[in-house]
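One file, data14.pdb, is given below (PDB, C-alpha atoms).
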ATOM      1  CA  MET A   1      -5.472 -10.943  25.545
ATOM      2  CA  PRO A   2      -4.402  -8.547  22.828
ATOM      3  CA  GLY A   3      -3.310 -10.072  19.544
ATOM      4  CA  HIS A   4      -1.119  -9.094  16.635
ATOM      5  CA  GLU A   5      -3.600  -6.463  15.422
ATOM      6  CA  HIS A   6      -3.486  -4.720  18.795
ATOM      7  CA  ILE A   7       0.312  -4.703  18.759
ATOM      8  CA  ALA A   8       0.410  -3.311  15.218
ATOM      9  CA  ALA A   9      -2.041  -0.590  16.208
ATOM     10  CA  ARG A  10       0.042   0.304  19.267
ATOM     11  CA  TRP A  11       3.167   0.545  17.078
ATOM     12  CA  VAL A  12       1.390   3.032  14.821
ATOM     13  CA  GLU A  13       0.200   4.923  17.897
ATOM     14  CA  PHE A  14       3.727   5.084  19.338
ATOM     15  CA  GLY A  15       5.010   6.280  15.937
ATOM     16  CA  GLN A  16       2.678   9.273  16.084
ATOM     17  CA  MET A  17       3.684  10.329  19.615
ATOM     18  CA  ASP A  18       6.052  13.200  20.285
ATOM     19  CA  ARG A  19       8.796  13.011  22.935
ATOM     20  CA  THR A  20       6.541  14.205  25.770
ATOM     21  CA  GLU A  21       3.836  11.652  24.944
ATOM     22  CA  LEU A  22       6.424   8.883  24.705
ATOM     23  CA  ARG A  23       7.820   9.830  28.122
ATOM     24  CA  VAL A  24       4.301   9.609  29.595
ATOM     25  CA  ALA A  25       3.698   6.224  27.934
ATOM     26  CA  TRP A  26       7.088   5.038  29.236
ATOM     27  CA  ALA A  27       6.239   6.056  32.798
ATOM     28  CA  GLU A  28       2.900   4.226  32.555
ATOM     29  CA  ALA A  29       4.555   1.078  31.167
ATOM     30  CA  PHE A  30       7.677   0.940  33.327
ATOM     31  CA  GLY A  31       6.634   2.845  36.455
ATOM     32  CA  ASP A  32       9.262   5.588  36.171
ATOM     33  CA  ALA A  33      10.302   8.332  33.774
ATOM     34  CA  PRO A  34      12.822   7.325  31.113
ATOM     35  CA  PRO A  35      16.352   8.726  31.180
ATOM     36  CA  HIS A  36      16.513  12.043  29.314
ATOM     37  CA  PHE A  37      19.109  10.866  26.786
ATOM     38  CA  LEU A  38      16.948   8.109  25.230
ATOM     39  CA  SER A  39      16.050   8.569  21.590
ATOM     40  CA  MET A  40      12.427   8.536  20.535
ATOM     41  CA  ILE A  41      12.922   5.423  18.393
ATOM     42  CA  PHE A  42      14.462   3.576  21.338
ATOM     43  CA  MET A  43      11.508   4.544  23.529
ATOM     44  CA  ARG A  44       9.098   3.344  20.826
ATOM     45  CA  LYS A  45      10.898   0.018  20.529
ATOM     46  CA  ALA A  46      10.987  -0.488  24.306
ATOM     47  CA  LEU A  47       7.304   0.365  24.585
ATOM     48  CA  ILE A  48       6.267  -2.052  21.838
ATOM     49  CA  TRP A  49       8.460  -4.724  23.438
ATOM     50  CA  ASP A  50       6.529  -4.169  26.673
ATOM     51  CA  VAL A  51       3.217  -4.530  24.811
ATOM     52  CA  GLN A  52       4.445  -7.767  23.198
ATOM     53  CA  CYS A  53       5.602  -9.184  26.535
ATOM     54  CA  ARG A  54       2.258  -8.431  28.126
ATOM     55  CA  ALA A  55       0.429 -10.076  25.206
ATOM     56  CA  PHE A  56       2.610 -13.124  24.635
ATOM     57  CA  GLY A  57       4.833 -13.467  27.703
ATOM     58  CA  GLY A  58       8.286 -12.159  28.436
ATOM     59  CA  LEU A  59      11.713 -13.716  28.462
ATOM     60  CA  THR A  60      12.193 -17.077  30.140
ATOM     61  CA  THR A  61      14.275 -17.301  33.288
ATOM     62  CA  GLU A  62      16.928 -19.161  31.309
ATOM     63  CA  VAL A  63      17.194 -16.370  28.727
ATOM     64  CA  LYS A  64      17.305 -13.684  31.439
ATOM     65  CA  ARG A  65      20.115 -15.569  33.169
ATOM     66  CA  ALA A  66      22.045 -15.896  29.892
ATOM     67  CA  LEU A  67      21.631 -12.190  29.109
ATOM     68  CA  LYS A  68      22.841 -11.240  32.582
ATOM     69  CA  SER A  69      25.899 -13.485  32.159
ATOM     70  CA  ALA A  70      26.661 -12.035  28.731
ATOM     71  CA  ALA A  71      26.313  -8.485  30.076
ATOM     72  CA  GLY A  72      28.826  -9.415  32.773
ATOM     73  CA  GLY A  73      31.335 -10.492  30.128
ATOM     74  CA  LYS A  74      30.871 -14.223  30.641
ATOM     75  CA  GLN A  75      30.600 -16.669  27.767
ATOM     76  CA  VAL A  76      27.050 -17.970  27.396
ATOM     77  CA  ARG A  77      26.566 -21.642  26.648
ATOM     78  CA  THR A  78      23.990 -22.582  24.061
ATOM     79  CA  PRO A  79      21.358 -24.873  25.567
ATOM     80  CA  THR A  80      21.229 -28.401  24.240
ATOM     81  CA  PRO A  81      18.387 -28.695  21.756
ATOM     82  CA  VAL A  82      15.456 -30.894  22.678
ATOM     83  CA  ILE A  83      15.512 -34.035  20.574
ATOM     84  CA  LYS A  84      12.315 -36.010  20.057
ATOM     85  CA  THR A  85      12.095 -39.621  21.164
ATOM     86  CA  SER A  86      12.856 -42.133  18.375
ATOM     87  CA  THR A  87      15.126 -39.688  16.548
ATOM     88  CA  GLN A  88      18.170 -41.401  15.028
ATOM     89  CA  LEU A  89      21.499 -39.611  15.343
ATOM     90  CA  VAL A  90      24.254 -40.722  13.012
ATOM     91  CA  ARG A  91      27.931 -39.833  13.205
ATOM     92  CA  GLU A  92      30.923 -41.135  11.355
ATOM     93  CA  TRP A  93      34.149 -41.183  13.336
ATOM     94  CA  ASN A  94      37.498 -42.508  12.133
ATOM     95  CA  GLY A  95      35.875 -44.396   9.275
ATOM     96  CA  ARG A  96      33.210 -46.054  11.414
ATOM     97  CA  ARG A  97      29.509 -45.177  11.418
ATOM     98  CA  TYR A  98      27.709 -44.809  14.765
ATOM     99  CA  GLN A  99      23.936 -44.724  15.099
ATOM    100  CA  VAL A 100      22.209 -43.552  18.279
ATOM    101  CA  GLU A 101      18.498 -43.762  19.031
ATOM    102  CA  VAL A 102      16.890 -41.180  21.329
ATOM    103  CA  ILE A 103      14.667 -42.901  23.921
ATOM    104  CA  ASP A 104      12.452 -41.469  26.683
ATOM    105  CA  ASP A 105      15.096 -41.640  29.391
ATOM    106  CA  GLY A 106      18.358 -41.438  27.457
ATOM    107  CA  TYR A 107      20.013 -42.885  24.376
ATOM    108  CA  LEU A 108      20.662 -46.311  22.856
ATOM    109  CA  MET A 109      23.764 -47.239  20.909
ATOM    110  CA  ASN A 110      24.533 -50.839  19.921
ATOM    111  CA  GLY A 111      21.993 -52.064  22.496
ATOM    112  CA  ASP A 112      23.648 -50.154  25.352
ATOM    113  CA  ARG A 113      21.771 -47.419  27.215
ATOM    114  CA  PHE A 114      23.463 -44.061  27.943
ATOM    115  CA  ASN A 115      22.280 -41.128  30.056
ATOM    116  CA  SER A 116      23.855 -38.468  27.862
ATOM    117  CA  LEU A 117      25.279 -37.802  24.437
ATOM    118  CA  SER A 118      28.510 -36.771  26.126
ATOM    119  CA  ALA A 119      28.834 -40.295  27.565
ATOM    120  CA  ILE A 120      28.391 -41.683  24.057
ATOM    121  CA  ALA A 121      30.973 -39.264  22.639
ATOM    122  CA  LEU A 122      33.384 -40.419  25.367
ATOM    123  CA  GLN A 123      32.707 -44.067  24.456
ATOM    124  CA  ILE A 124      33.374 -43.360  20.773
ATOM    125  CA  THR A 125      36.346 -40.995  21.000
ATOM    126  CA  GLY A 126      37.920 -41.924  24.321
ATOM    127  CA  THR A 127      38.035 -38.256  25.326
ATOM    128  CA  THR A 128      35.649 -36.056  27.249
ATOM    129  CA  GLY A 129      33.777 -33.409  25.346
ATOM    130  CA  SER A 130      30.372 -32.107  24.431
ATOM    131  CA  GLY A 131      28.103 -34.841  23.105
ATOM    132  CA  PRO A 132      25.719 -32.386  21.426
ATOM    133  CA  ARG A 133      28.711 -30.768  19.702
ATOM    134  CA  PHE A 134      30.063 -34.196  18.691
ATOM    135  CA  PHE A 135      26.723 -34.973  17.000
ATOM    136  CA  ASP A 136      26.626 -31.450  15.517
ATOM    137  CA  LEU A 137      23.436 -30.490  17.345
ATOM    138  CA  ASN A 138      24.641 -27.013  18.297
ATOM    139  CA  SER A 139      24.808 -25.816  14.700
ATOM    140  CA  ARG A 140      21.720 -24.549  12.903
ATOM    141  CA  ALA A 141      21.721 -27.429  10.392
ATOM    142  CA  GLY A 142      22.173 -30.070  13.090
ATOM    143  CA  ALA A 143      19.421 -28.645  15.277
ATOM    144  CA  ASP A 144      16.917 -28.777  12.419
ATOM    145  CA  ALA A 145      17.773 -32.300  11.316
TER     146      ALA A 145
END
What is this structure when it is put down as structure tokens?
Amino acid sequence: MPGHEHIAARWVEFGQMDRTELRVAWAEAFGDAPPHFLSMIFMRKALIWDVQCRAFGGLTTEVKRALKSAAGGKQVRTPTPVIKTSTQLVREWNGRRYQVEVIDDGYLMNGDRFNSLSAIALQITGTTGSGPRFFDLNSRAGADA
């Protein structure tokens, strides 16, 4: 399987190609001639993307689905981050501190087991809502904590 050096070399190679050579490379990579209006830099970027996908794998089904939804004008939901078992989540709400432990098959809070963070958020706030958002897991800082 080609590595980073191969990809870097291909990028240099694509950078030295004229429009005709890029169109030939495009047809080889994608099975059809590119539209005539594409810029050379766009063709180079698409071709190197193809090389990267072949070397390291393409987009996941989940990402493809999200991109298709976004292209259709729909709002795309951010997937809930994966939280490692034994992680402790802490949230203060109305002056009270809540601590939740992530377990293999759910969550523990005050000795009670829950299937989802949303169920815990409901227990704490009395209203339905996103548990991951309640525990600030959708933000960059929360996801890294």
Quick one: which residues end up in the PyMOL selection byres ((chain A and resi 22) around 10) for this structure, as a list in words?
-> Phe14, Gly15, Gln16, Met17, Asp18, Arg19, Thr20, Glu21, Arg23, Val24, Ala25, Trp26, Ala27, Glu28, Ala33, Pro34, Met40, Ile41, Met43, Arg44 and Leu47 of chain A
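If all atoms listed in the file are the atoms counted, then among A:Trp93, A:Phe42, A:Phe37, A:Phe114 the closest residue to Gly126 of chain A is A:Trp93.
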As a check of understanding: the span from atom CA of Lys74 of chain A to atom CA of Phe30 of chain A is 27.8 Å
Mind telling me what the PyMOL selection byres ((chain A and resi 101) around 8) catches here, as number ranges by chain?
-> A: 85-89, 99-100, 102-103, 107-109
Computed gap from atom CA of Ala66 of chain A to atom CA of Gly3 of chain A is 28.0 Å
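When atom CA of Val76 of chain A is paired with atom CA of Gly57 of chain A, their separation reads 22.7 Å.
Omitting His4 of chain A and its sequence neighbours fewer than 6 positions away, and counting all atoms listed in the file, the residues within 10 Å are Arg10, Gln52, Ala55 and Phe56 of chain A.
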Residue subset to file, keeping C-alpha atoms, as a PDB file, keeping the file's coordinate frame:
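And here is the file that came out, part_20.pdb:
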ATOM      1  CA  ARG A  10       0.042   0.304  19.267  1.00  0.00           C
ATOM      2  CA  GLN A  52       4.445  -7.767  23.198  1.00  0.00           C
ATOM      3  CA  ALA A  55       0.429 -10.076  25.206  1.00  0.00           C
ATOM      4  CA  PHE A  56       2.610 -13.124  24.635  1.00  0.00           C
TER       5      PHE A  56
END
Can you list, as a list in words, the residues that the PyMOL selection byres ((chain A and resi 125) around 12) selects here?
-> Arg91, Glu92, Trp93, Asn94, Arg96, Tyr98, Ser118, Ala119, Ile120, Ala121, Leu122, Gln123, Ile124, Gly126, Thr127, Thr128, Gly129, Ser130, Gly131 and Phe134 of chain A
Print the selection's residues with C-alpha atoms to a file, as an mmCIF file, in the coordinates of the input.
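Output contents, as saved in result_10.cif:
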data_model
loop_
_atom_site.group_PDB
_atom_site.id
_atom_site.type_symbol
_atom_site.label_atom_id
_atom_site.label_comp_id
_atom_site.auth_asym_id
_atom_site.auth_seq_id
_atom_site.Cartn_x
_atom_site.Cartn_y
_atom_site.Cartn_z
ATOM 1 C CA ARG A 91 27.931 -39.833 13.205
ATOM 2 C CA GLU A 92 30.923 -41.135 11.355
ATOM 3 C CA TRP A 93 34.149 -41.183 13.336
ATOM 4 C CA ASN A 94 37.498 -42.508 12.133
ATOM 5 C CA ARG A 96 33.210 -46.054 11.414
ATOM 6 C CA TYR A 98 27.709 -44.809 14.765
ATOM 7 C CA SER A 118 28.510 -36.771 26.126
ATOM 8 C CA ALA A 119 28.834 -40.295 27.565
ATOM 9 C CA ILE A 120 28.391 -41.683 24.057
ATOM 10 C CA ALA A 121 30.973 -39.264 22.639
ATOM 11 C CA LEU A 122 33.384 -40.419 25.367
ATOM 12 C CA GLN A 123 32.707 -44.067 24.456
ATOM 13 C CA ILE A 124 33.374 -43.360 20.773
ATOM 14 C CA GLY A 126 37.920 -41.924 24.321
ATOM 15 C CA THR A 127 38.035 -38.256 25.326
ATOM 16 C CA THR A 128 35.649 -36.056 27.249
ATOM 17 C CA GLY A 129 33.777 -33.409 25.346
ATOM 18 C CA SER A 130 30.372 -32.107 24.431
ATOM 19 C CA GLY A 131 28.103 -34.841 23.105
ATOM 20 C CA PHE A 134 30.063 -34.196 18.691
#
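Nearest residue to His6 of chain A among A:Ala71, A:Val51, A:Leu137, A:Leu38 is A:Val51, counting all atoms listed in the file.
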